[in-house]
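Below is the file input19.txt, which contains compact mmCIF, C-alpha atoms.
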# COMPACT_ATOMS: atom_id res chain seq x y z
CA GLN A 1 2.73 -16.45 -3.49
CA GLN A 2 0.08 -13.86 -2.82
CA GLN A 3 -0.49 -13.56 0.90
CA VAL A 4 -3.80 -11.67 0.68
CA LYS A 5 -6.34 -12.59 -2.00
CA GLN A 6 -8.87 -9.92 -2.91
CA SER A 7 -12.07 -10.14 -4.93
CA PRO A 8 -13.69 -8.98 -7.08
CA GLN A 9 -11.19 -7.29 -9.36
CA SER A 10 -13.79 -4.73 -10.38
CA LEU A 11 -17.23 -3.79 -9.14
CA ILE A 12 -20.04 -1.61 -10.47
CA VAL A 13 -22.68 -0.48 -7.99
CA GLN A 14 -25.70 1.76 -8.33
CA LYS A 15 -25.74 4.96 -6.30
CA GLY A 16 -27.27 4.22 -2.91
CA GLY A 17 -26.39 0.53 -3.09
CA ILE A 18 -24.04 -1.55 -0.97
CA SER A 19 -20.51 -2.27 -2.22
CA ILE A 20 -18.88 -5.42 -0.84
CA ILE A 21 -15.22 -6.34 -1.30
CA ASN A 22 -13.77 -9.54 0.09
CA CYS A 23 -10.30 -10.61 1.17
CA ALA A 24 -8.82 -13.88 2.39
CA TYR A 25 -5.49 -14.65 4.01
CA GLU A 26 -3.53 -17.73 5.05
CA ASN A 27 -0.96 -16.44 7.52
CA THR A 28 -2.42 -16.76 11.02
CA ALA A 29 0.32 -14.45 12.32
CA PHE A 30 -1.43 -11.50 10.69
CA ASP A 31 -2.95 -9.32 13.42
CA TYR A 32 -3.84 -6.04 11.74
CA PHE A 33 -6.09 -5.65 8.71
CA PRO A 34 -6.44 -2.20 7.11
CA TRP A 35 -8.26 -1.07 4.02
CA TYR A 36 -6.84 1.62 1.78
CA GLN A 37 -8.60 3.79 -0.79
CA GLN A 38 -6.78 5.13 -3.82
CA PHE A 39 -7.94 7.78 -6.28
CA PRO A 40 -6.25 8.24 -9.67
CA GLY A 41 -3.00 10.16 -9.40
CA LYS A 42 -2.85 9.77 -5.63
CA GLY A 43 -1.27 7.36 -3.22
CA PRO A 44 -3.43 4.97 -1.16
CA ALA A 45 -5.02 6.47 1.94
CA LEU A 46 -5.97 4.55 5.07
CA LEU A 47 -9.73 4.15 5.22
CA ILE A 48 -10.46 1.85 8.16
CA ALA A 49 -8.68 -0.98 9.98
CA ILE A 50 -9.51 -3.86 12.30
CA ARG A 51 -7.73 -6.25 14.63
CA PRO A 52 -8.81 -9.91 14.95
CA ASP A 53 -10.14 -9.51 18.47
CA VAL A 54 -13.32 -7.90 17.10
CA SER A 55 -15.68 -9.19 14.43
CA GLU A 56 -16.88 -5.86 13.08
CA LYS A 57 -15.82 -2.23 12.97
CA LYS A 58 -17.90 0.61 11.60
CA GLU A 59 -16.87 4.13 10.66
CA GLY A 60 -19.61 6.14 9.00
CA ARG A 61 -20.71 4.33 5.84
CA PHE A 62 -17.72 1.96 5.93
CA THR A 63 -17.78 -1.34 7.83
CA ILE A 64 -15.20 -4.10 8.12
CA SER A 65 -16.50 -7.58 8.89
CA PHE A 66 -13.89 -10.05 10.15
CA ASN A 67 -14.16 -13.83 10.34
CA LYS A 68 -11.11 -15.17 12.13
CA SER A 69 -11.96 -18.86 11.78
CA ALA A 70 -12.47 -18.51 8.02
CA LYS A 71 -9.47 -16.17 7.69
CA GLN A 72 -11.58 -13.73 5.73
CA PHE A 73 -12.48 -10.08 6.04
CA SER A 74 -14.60 -7.77 3.97
CA LEU A 75 -15.33 -4.11 3.40
CA HIS A 76 -18.94 -2.95 3.12
CA ILE A 77 -19.72 0.52 1.80
CA MET A 78 -23.29 1.47 2.60
CA ASP A 79 -25.23 4.02 0.55
CA SER A 80 -22.47 4.04 -2.07
CA GLN A 81 -21.87 7.41 -3.74
CA PRO A 82 -20.17 8.37 -7.02
CA GLY A 83 -17.43 9.97 -4.92
CA ASP A 84 -16.61 6.50 -3.57
CA SER A 85 -15.45 5.45 -7.05
CA ALA A 86 -11.82 4.49 -6.47
CA THR A 87 -9.56 1.48 -6.12
CA TYR A 88 -9.72 -0.27 -2.76
CA PHE A 89 -6.94 -2.40 -1.30
CA CYS A 90 -7.13 -4.74 1.63
CA ALA A 91 -3.90 -5.37 3.50
CA ALA A 92 -2.50 -7.37 6.39
CA HIS A 93 0.32 -6.97 8.83
CA GLY A 94 1.88 -9.52 11.13
CA ALA A 95 3.81 -9.40 14.35
CA GLY A 96 7.53 -8.91 14.31
CA ASN A 97 9.57 -7.83 11.36
CA THR A 98 7.03 -8.35 8.60
CA PRO A 99 5.90 -5.78 6.05
CA LEU A 100 2.37 -4.65 5.30
CA VAL A 101 1.16 -6.82 2.40
CA PHE A 102 -1.63 -5.83 0.04
CA GLY A 103 -4.32 -7.50 -2.01
CA LYS A 104 -4.33 -6.71 -5.72
CA GLY A 105 -7.11 -4.17 -5.45
CA THR A 106 -10.74 -3.71 -6.47
CA ARG A 107 -11.76 -0.95 -8.84
CA LEU A 108 -15.15 0.33 -7.68
CA SER A 109 -17.39 2.38 -9.94
CA VAL A 110 -20.54 3.86 -8.45
CA ILE A 111 -22.98 4.93 -11.15
CA ALA A 112 -25.94 7.27 -10.77
CA LYS B 1 1.16 19.30 8.61
CA ALA B 2 2.92 18.48 5.36
CA GLY B 3 2.32 15.03 3.92
CA VAL B 4 4.76 12.59 2.38
CA THR B 5 6.61 14.24 -0.48
CA GLN B 6 8.00 12.24 -3.36
CA THR B 7 10.19 13.67 -6.08
CA PRO B 8 10.17 13.72 -8.99
CA ARG B 9 6.52 13.01 -9.86
CA TYR B 10 7.34 11.72 -13.32
CA LEU B 11 10.45 10.25 -14.88
CA ILE B 12 11.26 8.85 -18.29
CA LYS B 13 14.44 6.82 -18.51
CA THR B 14 16.11 4.66 -21.12
CA ARG B 15 16.72 0.96 -20.62
CA GLY B 16 20.12 0.40 -19.00
CA GLN B 17 20.20 3.73 -17.18
CA GLN B 18 19.89 4.14 -13.44
CA VAL B 19 17.46 6.26 -11.45
CA THR B 20 17.18 7.70 -7.94
CA LEU B 21 13.84 8.49 -6.35
CA SER B 22 13.42 10.61 -3.23
CA CYS B 23 10.95 10.52 -0.36
CA SER B 24 10.52 13.01 2.48
CA PRO B 25 8.33 11.53 5.24
CA ILE B 26 5.95 13.36 7.51
CA SER B 27 7.86 15.33 10.11
CA GLY B 28 8.56 13.10 13.09
CA HIS B 29 8.00 9.85 11.21
CA ARG B 30 11.04 7.61 11.37
CA SER B 31 9.74 4.65 9.35
CA VAL B 32 9.75 4.73 5.56
CA SER B 33 8.56 1.94 3.30
CA TRP B 34 8.72 1.69 -0.48
CA TYR B 35 6.26 -0.10 -2.74
CA GLN B 36 6.11 -0.73 -6.47
CA GLN B 37 2.62 -0.49 -7.97
CA THR B 38 1.75 -2.00 -11.34
CA PRO B 39 -1.65 -2.83 -12.86
CA GLY B 40 -0.95 -6.56 -12.89
CA GLN B 41 0.77 -7.07 -9.55
CA GLY B 42 -0.76 -4.38 -7.36
CA LEU B 43 1.40 -3.06 -4.53
CA GLN B 44 4.61 -5.02 -4.07
CA PHE B 45 6.81 -4.35 -1.03
CA LEU B 46 10.35 -3.19 -1.82
CA PHE B 47 11.95 -2.26 1.50
CA GLU B 48 11.39 -0.66 4.88
CA TYR B 49 13.72 1.61 6.83
CA PHE B 50 13.54 2.73 10.41
CA SER B 51 16.09 5.09 11.94
CA GLU B 52 18.49 4.58 9.01
CA THR B 53 18.38 0.77 9.30
CA GLN B 54 16.83 -1.48 6.68
CA ARG B 55 14.36 -3.62 8.62
CA ASN B 56 12.95 -5.60 5.77
CA LYS B 57 13.45 -6.21 2.07
CA GLY B 58 11.01 -7.55 -0.48
CA ASN B 59 11.62 -10.06 -3.22
CA PHE B 60 13.23 -7.78 -5.78
CA PRO B 61 16.58 -8.14 -7.56
CA GLY B 62 19.70 -6.48 -6.23
CA ARG B 63 19.31 -3.72 -8.83
CA PHE B 64 16.84 -2.19 -6.40
CA SER B 65 18.45 -0.54 -3.39
CA GLY B 66 17.61 2.12 -0.89
CA ARG B 67 18.82 4.08 2.06
CA GLN B 68 17.58 6.38 4.78
CA PHE B 69 19.30 9.46 6.07
CA SER B 70 19.54 10.81 9.61
CA ASN B 71 16.68 13.24 8.91
CA SER B 72 14.50 10.23 7.91
CA ARG B 73 14.44 11.19 4.24
CA SER B 74 14.84 8.16 2.04
CA GLU B 75 16.04 7.41 -1.46
CA MET B 76 15.68 4.36 -3.61
CA ASN B 77 17.89 3.55 -6.56
CA VAL B 78 17.30 1.28 -9.50
CA SER B 79 20.30 0.43 -11.63
CA THR B 80 20.40 -1.05 -15.13
CA LEU B 81 16.76 -0.23 -15.78
CA GLU B 82 14.58 -2.74 -17.58
CA LEU B 83 11.29 -2.14 -19.40
CA GLY B 84 9.51 -4.09 -16.66
CA ASP B 85 10.61 -1.55 -14.07
CA SER B 86 8.03 0.88 -15.43
CA ALA B 87 5.68 1.44 -12.52
CA LEU B 88 4.41 3.84 -9.90
CA TYR B 89 6.82 3.87 -6.97
CA LEU B 90 5.16 4.74 -3.69
CA CYS B 91 6.73 5.77 -0.44
CA ALA B 92 4.89 5.52 2.87
CA SER B 93 5.86 6.85 6.26
CA SER B 94 4.80 5.87 9.75
CA SER B 95 5.65 6.99 13.24
CA ARG B 96 6.45 3.41 14.27
CA PRO B 97 8.12 0.46 12.52
CA ARG B 98 4.85 -1.40 12.35
CA GLY B 99 2.35 -0.03 9.89
CA ASP B 100 -0.57 -0.57 12.22
CA TYR B 101 -0.28 2.98 13.42
CA GLY B 102 -1.23 3.94 9.88
CA TYR B 103 0.94 4.31 6.82
CA THR B 104 0.70 7.66 5.03
CA PHE B 105 1.53 7.35 1.37
CA GLY B 106 2.93 9.95 -0.97
CA SER B 107 1.49 10.45 -4.45
CA GLY B 108 4.29 8.43 -5.97
CA THR B 109 6.85 8.73 -8.73
CA ARG B 110 5.69 7.46 -12.12
CA LEU B 111 8.72 5.85 -13.79
CA THR B 112 8.56 4.99 -17.46
CA VAL B 113 11.42 3.01 -18.99
CA VAL B 114 11.70 3.19 -22.78
Any chance you could put this one into structure tokens?
Amino acid sequence: QQQVKQSPQSLIVQKGGISIINCAYENTAFDYFPWYQQFPGKGPALLIAIRPDVSEKKEGRFTISFNKSAKQFSLHIMDSQPGDSATYFCAAHGAGNTPLVFGKGTRLSVIA
Amino acid sequence: KAGVTQTPRYLIKTRGQQVTLSCSPISGHRSVSWYQQTPGQGLQFLFEYFSETQRNKGNFPGRFSGRQFSNSRSEMNVSTLELGDSALYLCASSSRPRGDYGYTFGSGTRLTVV
């Protein structure tokens, strides 16, 4: 059973546009929601993270929106650039002895 | 500051053989987690170690095992390799058991089973 569902599987965005990736979870014990960015040949790298006590977090062009009641969170990439082309993973972590679980990833292509 | 180092980067093994993968975490990090990444399943959790103790284990068969040494370096072993074990194996380290202080991943070991 997949604990974090991510969509879309792939996304093509024009340069300068907004990229939006969505994730949904069921486990209400999750209390930490990071996003990771992975380039080919590299491991995932932490991009931005949020806790459920805030509804939005912004770092540069990257924003996480969090809807606790809907158990959904999303990543928005403003002014998308070709260098943002990568695979993005949402993840969730719960209290206690639980591992960090990942969505299946979204392959983003930003075209000029 | 050196990152997470995984060796080897690439491996080709024959079905039925066994393999050992190594991970050296960031200096000072005592938590090491292992993930299997495949195109169809994404990142699947294998196990997590903190201070030489296995804290958590994912839903993988007993052929997958791991350990952590006193210097926090970790190894994972896969015995009786199957074709389906072909994947990118990623190691991540963290300063705390919980990943919410930020996991740092290595570049992975690409295992191909033929």
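Non-sequential neighbours of Ser80 (chain A) (distance at most 10 Å, separation of 2 or more positions within a chain, all atoms listed in the file) are A:Val13, A:Gln14, A:Lys15, A:Gly16, A:Gly17, A:Ile18, A:Ser19, A:Arg61, A:Phe62, A:His76, A:Ile77, A:Met78, A:Pro82, A:Gly83, A:Asp84, A:Ser85, A:Leu108, A:Ser109, A:Val110, A:Ile111, A:Ala112.
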- Task: At a cut-off of 9 Å, list the chain B residues touching chain A, using all atoms listed in the file, as number ranges by chain.
- Result: B: 33, 39-45, 47-48, 55-58, 90-92, 97-100, 102-108
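You will find CA of Gln17 (chain B) at 19.3 Å from CA of Arg67 (chain B).
Interatomic distance, CA of Leu11 (chain A) against CA of Lys71 (chain A): 22.3 Å.
Nearest to Ser65 (chain B) of all the residues B:Ile26, B:Ser93, B:Thr20, B:Val32 is B:Thr20, based on all atoms listed in the file.
Nearest to Arg96 (chain B) of all the residues B:Glu75, B:Ser31, B:Ser22, B:Thr7 is B:Ser31, based on all atoms listed in the file.
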- Query: Skipping near chain neighbours, those fewer than 6 positions away, what residues fall within 8 Å of Ile12 (chain B) using all atoms listed in the file, listed as number ranges by chain?
  - Reply: B: 111-114
- Item | Answer as a VMD selection string, residues within 8 Å of (19.8, -5.5, -12.1) using all atoms listed in the file | chain B and resid 61 to 64 78 to 81
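Atom pair CA of Lys68 (chain A) / CA of Ser55 (chain A) has a distance of 7.9 Å (rounded to one decimal).
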- Task: For Asn67 (chain A), list every protein, DNA or RNA residue within 9 Å, evaluated using only C-alpha atoms, and leave out those in the same chain fewer than 3 positions away; present the list as a PyMOL selection string.
- Result: chain A and resi 52+55-56+70-74
Starting from the sparse input, extend region 20-31 of chain B to all heavy atoms and give the output as a short mmCIF file (atom, residue, chain, number, x, y, z; two decimals), in the coordinates of the input.
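File written: rebuild-v2.cif
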data_model
loop_
_atom_site.label_atom_id
_atom_site.label_comp_id
_atom_site.auth_asym_id
_atom_site.auth_seq_id
_atom_site.Cartn_x
_atom_site.Cartn_y
_atom_site.Cartn_z
N THR B 20 17.31 7.51 -9.39
CA THR B 20 17.18 7.70 -7.94
C THR B 20 15.90 8.45 -7.65
O THR B 20 15.64 9.50 -8.25
CB THR B 20 18.38 8.49 -7.38
OG1 THR B 20 19.59 7.75 -7.63
CG2 THR B 20 18.22 8.69 -5.88
N LEU B 21 15.11 7.88 -6.75
CA LEU B 21 13.84 8.49 -6.35
C LEU B 21 13.96 8.94 -4.90
O LEU B 21 14.63 8.27 -4.09
CB LEU B 21 12.69 7.48 -6.48
CG LEU B 21 12.58 6.71 -7.80
CD1 LEU B 21 11.37 5.79 -7.75
CD2 LEU B 21 12.52 7.66 -8.97
N SER B 22 13.29 10.04 -4.57
CA SER B 22 13.42 10.61 -3.23
C SER B 22 12.08 10.65 -2.51
O SER B 22 11.03 10.81 -3.13
CB SER B 22 14.00 12.02 -3.33
OG SER B 22 14.12 12.60 -2.06
N CYS B 23 12.15 10.50 -1.19
CA CYS B 23 10.95 10.52 -0.36
C CYS B 23 11.24 11.28 0.92
O CYS B 23 12.19 10.94 1.65
CB CYS B 23 10.52 9.09 -0.03
SG CYS B 23 9.20 8.98 1.19
N SER B 24 10.42 12.29 1.21
CA SER B 24 10.52 13.01 2.48
C SER B 24 9.30 12.65 3.31
O SER B 24 8.16 12.96 2.91
CB SER B 24 10.57 14.52 2.25
OG SER B 24 11.77 14.88 1.61
N PRO B 25 9.48 11.97 4.44
CA PRO B 25 8.33 11.53 5.24
C PRO B 25 7.71 12.68 6.01
O PRO B 25 8.24 13.79 6.03
CB PRO B 25 8.95 10.51 6.20
CG PRO B 25 10.36 11.00 6.38
CD PRO B 25 10.76 11.57 5.05
N ILE B 26 6.59 12.39 6.63
CA ILE B 26 5.95 13.36 7.51
C ILE B 26 6.91 13.67 8.65
O ILE B 26 7.59 12.77 9.17
CB ILE B 26 4.62 12.80 8.05
CG1 ILE B 26 3.59 12.77 6.92
CG2 ILE B 26 4.10 13.62 9.22
CD1 ILE B 26 2.28 12.10 7.30
N SER B 27 6.96 14.93 9.05
CA SER B 27 7.86 15.33 10.11
C SER B 27 7.61 14.49 11.37
O SER B 27 6.47 14.34 11.83
CB SER B 27 7.63 16.82 10.43
OG SER B 27 8.46 17.22 11.49
N GLY B 28 8.69 13.93 11.90
CA GLY B 28 8.56 13.10 13.09
C GLY B 28 8.42 11.62 12.81
O GLY B 28 8.60 10.79 13.71
N HIS B 29 8.09 11.26 11.58
CA HIS B 29 8.00 9.85 11.21
C HIS B 29 9.39 9.31 10.92
O HIS B 29 10.14 9.89 10.14
CB HIS B 29 7.11 9.68 9.98
CG HIS B 29 5.66 9.78 10.27
ND1 HIS B 29 4.67 9.39 9.36
CD2 HIS B 29 4.99 10.21 11.36
CE1 HIS B 29 3.49 9.59 9.90
NE2 HIS B 29 3.65 10.09 11.10
N ARG B 30 9.72 8.18 11.54
CA ARG B 30 11.04 7.61 11.37
C ARG B 30 11.04 6.34 10.52
O ARG B 30 12.08 5.80 10.20
CB ARG B 30 11.65 7.31 12.74
CG ARG B 30 11.92 8.59 13.55
CD ARG B 30 12.06 8.30 15.03
NE ARG B 30 13.16 7.41 15.31
CZ ARG B 30 13.37 6.82 16.48
NH1 ARG B 30 12.50 7.01 17.45
NH2 ARG B 30 14.40 6.04 16.67
N SER B 31 9.85 5.86 10.17
CA SER B 31 9.74 4.65 9.35
C SER B 31 9.33 5.02 7.94
O SER B 31 8.37 5.77 7.74
CB SER B 31 8.70 3.70 9.97
OG SER B 31 8.49 2.60 9.13
#
